[in-house]
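Novice: Next up is a structure, given as structure tokens.
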Amino acid sequence: MLLIAFGTRPEWIKIRPLIDEINGVIPYRLLFTGQHTDIVDSSLNNYEYRTLSINQTMSSNRLDSIVCSIMSDIDDHLEGVTHVMVQGDTTTVFGVALACFHRGVKVIHLEAGLRTWDNKQPYPEEFNRQAVSSIADIHLCPTKSSMKNLISEGRHHNSEVYVVGNTVLDNLRNQLPNQDYQVLVTLHRRENHKNIAEWFSVINKIAEENTDLFFVLPIHPNPNVLEHKDILTNVEVCDPLPHHYLLKHLKDSRLVITDSGGIQEEAAYFHKPCIVCREKTERLEGVNEFSWLCKTPSELINIFNKLKNSKIDQSLPCPYGDGFASTKIKQILNGEFRHSKQVL
């Protein structure tokens with residue numbers, strides 16, 4: 001039995017196409033840890049899943065509470081489980097992987113091998129994914145570069161490493177970009193909280209100077225972000241959107257301003273120029289062809305003006321996958337579970 005554990009909206013969006021692919025082929029169950037209860041995509045309601053609640057009283061530090069809650073409550077969900085799959089680099093991923101390592105359950109890491117080599121950028125995600133790489137038995141890498149990171153660390157000596165592409169792109173197959181009159185903006189990362197007001201001020205100024213474009217920003221519910229939303233007087237600020245609505249805005253965008261890894265990958269698939277508002281990125285494959293790094297708010301206006309009328313060469317393949325990652329992963333899982341005689 002495979003346990004697929006997740007705790008946030010981006011994790012769910014990236015595992016959903018894989019679940020659809022393996023349903024009826026690989027025995028599995030879903031576990032939602034509740035790391036983010038307020039922004040999980042509504043499509044989750046169409047699936048059967050178990051829940052694990054985060055006990056906030058365990059620590060005054062929320063990250064500690066997430067890990068402690070997982071470690072203390074996961075046993076009830078591991079009956080009959082031989083493998084667990086975690087996606088990405090959240091604290092849920094780290095907590096579940098560590099708990100399963102302690103219990104001798106095999107760990108499969110989806111979206112393995114991403115690196116900035118700086119534990120503060122992004123925090124705590126860079127530590128989480130490096131730690132899980134030390135635990136995982138099977139690494140499912142999105143790109144050859146991420147595989148090379150793991151090989152350089154020696155992970156291939158005692159585990160299996162595969163390149164499969166990024167499953168988020170499986171959601172986009174047979175979809176085409178539409179108009180280009182919008183600018184989609186998302187900002188939420190912890191390292192940007194300290195200057196989120198400055199980011200918002202610059203974005204608002206850009207929107208004021210580009211009235212031919214419609215700027216939309218689905219606001220993240222983190223209080224450190226929400227408290228500054230009134231700065232955005234020239235931007236349409238809305239609540240977090242279901243993924244299919246977010247994709248519609250993305251497909252209608254001329255370019256994207258974001259600190260999200262998933263949106264960076266989706267923008268590349270649709271050949272939409274993407275400004276990445278971070279000092280460092282773990283997705284280097286598309287930099288300067290599909291995405292442009294903007295390290296500080298003061299750089300944003302110049303980068304935006306250079307890109308707003310540019311087009312990405314349509315002949316360039318998306319550097320993050322071809323939209324068939326789940327099919328490749330199903331084949332890998334088939335081999336793994338056939339060996340253990342668990343295929344349906």
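Within each chain, counting starts at residue 1; across the structure tokens, chains are named A, B, ... in the order shown, with ligands numbered 1 upward in that order.
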Return as a PyMOL selection string the full set of residues in segment 39-229 of chain A whose backbone-based DSSP assignment is alpha helix (DSSP H).

Specialist: chain A and resi 62-73+91-102+125-135+144-152+196-209+223-226

Novice: Find the residues around His193 of chain A up to 12 Å (only C-alpha atoms counted), leave out those fewer than 4 positions away in its own chain, and share them as an MDAnalysis selection string.

Specialist: chainID A and resid 122:123 187:189 197:200 220 222:228 259 277:278

Novice: With distances taken over only C-alpha atoms, which of A:Gly95, A:Gly286, A:Pro240, A:Pro27 is nearest to Ala267 of chain A?

Specialist: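 Of all the options, A:Gly286 lies closest to Ala267 of chain A.
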
Novice: Neighbours of segment 101-113 of chain A within 8 Å (only C-alpha atoms; same-chain residues fewer than 4 positions away dropped), as a PDB file with C-alpha atoms, in the first residue's frame?

Specialist:
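Final output, saved to part_12.pdb:
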```pdb
ATOM      1  CA  VAL A  81       1.638   0.873   4.212  1.00  0.00           C
ATOM      2  CA  THR A  82       4.992  -0.119   2.719  1.00  0.00           C
ATOM      3  CA  HIS A  83       5.777   3.126   0.848  1.00  0.00           C
ATOM      4  CA  VAL A  84       4.982   6.779   1.430  1.00  0.00           C
ATOM      5  CA  MET A  85       5.155   9.498  -1.212  1.00  0.00           C
ATOM      6  CA  VAL A  86       5.765  13.148  -0.351  1.00  0.00           C
ATOM      7  CA  GLN A  87       5.911  16.047  -2.787  1.00  0.00           C
ATOM      8  CA  GLY A  88       8.234  19.022  -2.710  1.00  0.00           C
ATOM      9  CA  ALA A  97       9.475  11.533   5.645  1.00  0.00           C
ATOM     10  CA  ARG A 129      14.250  19.030   0.702  1.00  0.00           C
ATOM     11  CA  GLN A 130      17.913  18.406   1.497  1.00  0.00           C
ATOM     12  CA  VAL A 132      14.357  14.397   2.691  1.00  0.00           C
ATOM     13  CA  SER A 133      17.002  13.601   0.072  1.00  0.00           C
ATOM     14  CA  ILE A 135      15.970   9.821   3.757  1.00  0.00           C
ATOM     15  CA  ALA A 136      14.324   8.938   0.442  1.00  0.00           C
ATOM     16  CA  ASP A 137      14.610   5.523  -1.181  1.00  0.00           C
ATOM     17  CA  ILE A 138      13.254   6.707  -4.549  1.00  0.00           C
ATOM     18  CA  HIS A 139      13.893  10.198  -5.943  1.00  0.00           C
ATOM     19  CA  LEU A 140      11.568  11.408  -8.720  1.00  0.00           C
ATOM     20  CA  CYS A 141      13.369  14.400 -10.244  1.00  0.00           C
ATOM     21  CA  PRO A 142      11.701  16.956 -12.514  1.00  0.00           C
ATOM     22  CA  SER A 146      17.929  18.158 -10.289  1.00  0.00           C
ATOM     23  CA  MET A 147      19.111  14.591 -10.897  1.00  0.00           C
ATOM     24  CA  LYS A 148      22.706  15.841 -11.225  1.00  0.00           C
ATOM     25  CA  ASN A 149      22.357  17.609  -7.874  1.00  0.00           C
ATOM     26  CA  LEU A 150      21.467  14.316  -6.203  1.00  0.00           C
ATOM     27  CA  ASN A 166       7.142  17.995 -13.080  1.00  0.00           C
TER      28      ASN A 166
END
```

Novice: Return the single residue from A:Asn288, A:Asn210, A:Asn174, A:Thr143 that is closest to Val161 of chain A, with distances computed using only C-alpha atoms.

Specialist: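 Nearest candidate to Val161 of chain A out of A:Asn288, A:Asn210, A:Asn174, A:Thr143: A:Thr143.
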
Novice: Find the residues around Ile66 of chain A up to 10 Å (only C-alpha atoms counted), leave out those fewer than 2 positions away in its own chain, and share them as a list in words.

Specialist: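 The contact residues come out as Gly7, Thr33, Gly34, Gln35, Ser53, Ile54, Asn55, Gln56, Met58, Ser59, Asn61, Arg62, Leu63, Asp64, Cys68, Ser69, Ile70, Met71, Thr91, Thr92, Phe94, Gly95 and Val96 of chain A.
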
Novice: So that I can see what lies close to Trp117 of chain A, please list as a PyMOL selection string the residues with an atom at most 10 Å from it, counting only C-alpha atoms and leaving out residues fewer than 6 positions away in the same chain.

Specialist: chain A and resi 126-127+130+280-282

Novice: From the DSSP assignment of the backbone, select every residue of segment 101-262 of chain A that is strand (DSSP E), and format the answer as a ChimeraX atom specification.

Specialist: /A:106-110,138-141,160-163,182-186,214-218,236-238,253-258

Novice: I want to know what sits within 9 Å of Leu307 of chain A, based on only C-alpha atoms, with residues of the same chain fewer than 3 positions away left out; could you give that as an MDAnalysis selection string?

Specialist: chainID A and resid 255 273:275 302:304 310:311

Novice: Could you check the closest approach to Asn171 of chain A for each of A:Leu333, A:Val67, A:Leu78, A:Leu247 and tell me which residue wins, using only C-alpha atoms?

Specialist: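 Of all the options, A:Leu247 lies closest to Asn171 of chain A.
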
Novice: Need to verify the contact set: Leu31 of chain A, 8 Å, only C-alpha atoms, exclusion of same-chain residues closer than 2 positions in sequence. Can you return it as a PyMOL selection string?

Specialist: chain A and resi 3-6+29+33+49-52+77

Novice: Would you put the residues from that selection into a file with N, CA, C and O atoms, as a compact mmCIF listing (two decimals), in the first residue's frame?

Specialist:
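Final output, saved to result_28.txt:
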```txt
# COMPACT_ATOMS: atom_id res chain seq x y z
N LEU A 3 1.05 5.25 0.69
CA LEU A 3 0.43 6.41 1.33
C LEU A 3 0.98 7.66 0.65
O LEU A 3 2.19 7.85 0.57
N ILE A 4 0.08 8.51 0.15
CA ILE A 4 0.47 9.78 -0.46
C ILE A 4 0.06 10.88 0.51
O ILE A 4 -1.13 11.09 0.77
N ALA A 5 1.04 11.56 1.07
CA ALA A 5 0.78 12.56 2.10
C ALA A 5 1.03 13.97 1.55
O ALA A 5 1.97 14.19 0.79
N PHE A 6 0.18 14.91 1.95
CA PHE A 6 0.33 16.30 1.51
C PHE A 6 -0.30 17.20 2.57
O PHE A 6 -1.11 16.76 3.39
N ARG A 29 -3.62 5.26 -0.48
CA ARG A 29 -4.56 6.09 0.27
C ARG A 29 -3.95 7.47 0.42
O ARG A 29 -2.72 7.65 0.33
N THR A 33 -2.42 16.45 5.93
CA THR A 33 -1.95 16.79 7.28
C THR A 33 -2.59 18.04 7.84
O THR A 33 -2.50 18.29 9.05
N TYR A 49 -10.05 10.89 1.31
CA TYR A 49 -8.79 11.12 2.00
C TYR A 49 -8.99 11.09 3.51
O TYR A 49 -10.09 11.30 4.02
N ARG A 50 -7.90 10.85 4.18
CA ARG A 50 -7.87 10.91 5.64
C ARG A 50 -7.23 12.23 6.07
O ARG A 50 -6.50 12.84 5.30
N THR A 51 -7.48 12.62 7.31
CA THR A 51 -6.92 13.89 7.79
C THR A 51 -6.12 13.66 9.08
O THR A 51 -6.39 12.75 9.86
N LEU A 52 -5.15 14.50 9.24
CA LEU A 52 -4.32 14.54 10.45
C LEU A 52 -4.29 16.01 10.89
O LEU A 52 -3.90 16.87 10.12
N HIS A 77 -2.23 5.95 10.46
CA HIS A 77 -2.42 6.02 9.01
C HIS A 77 -1.45 5.12 8.25
O HIS A 77 -1.49 5.09 7.02
```
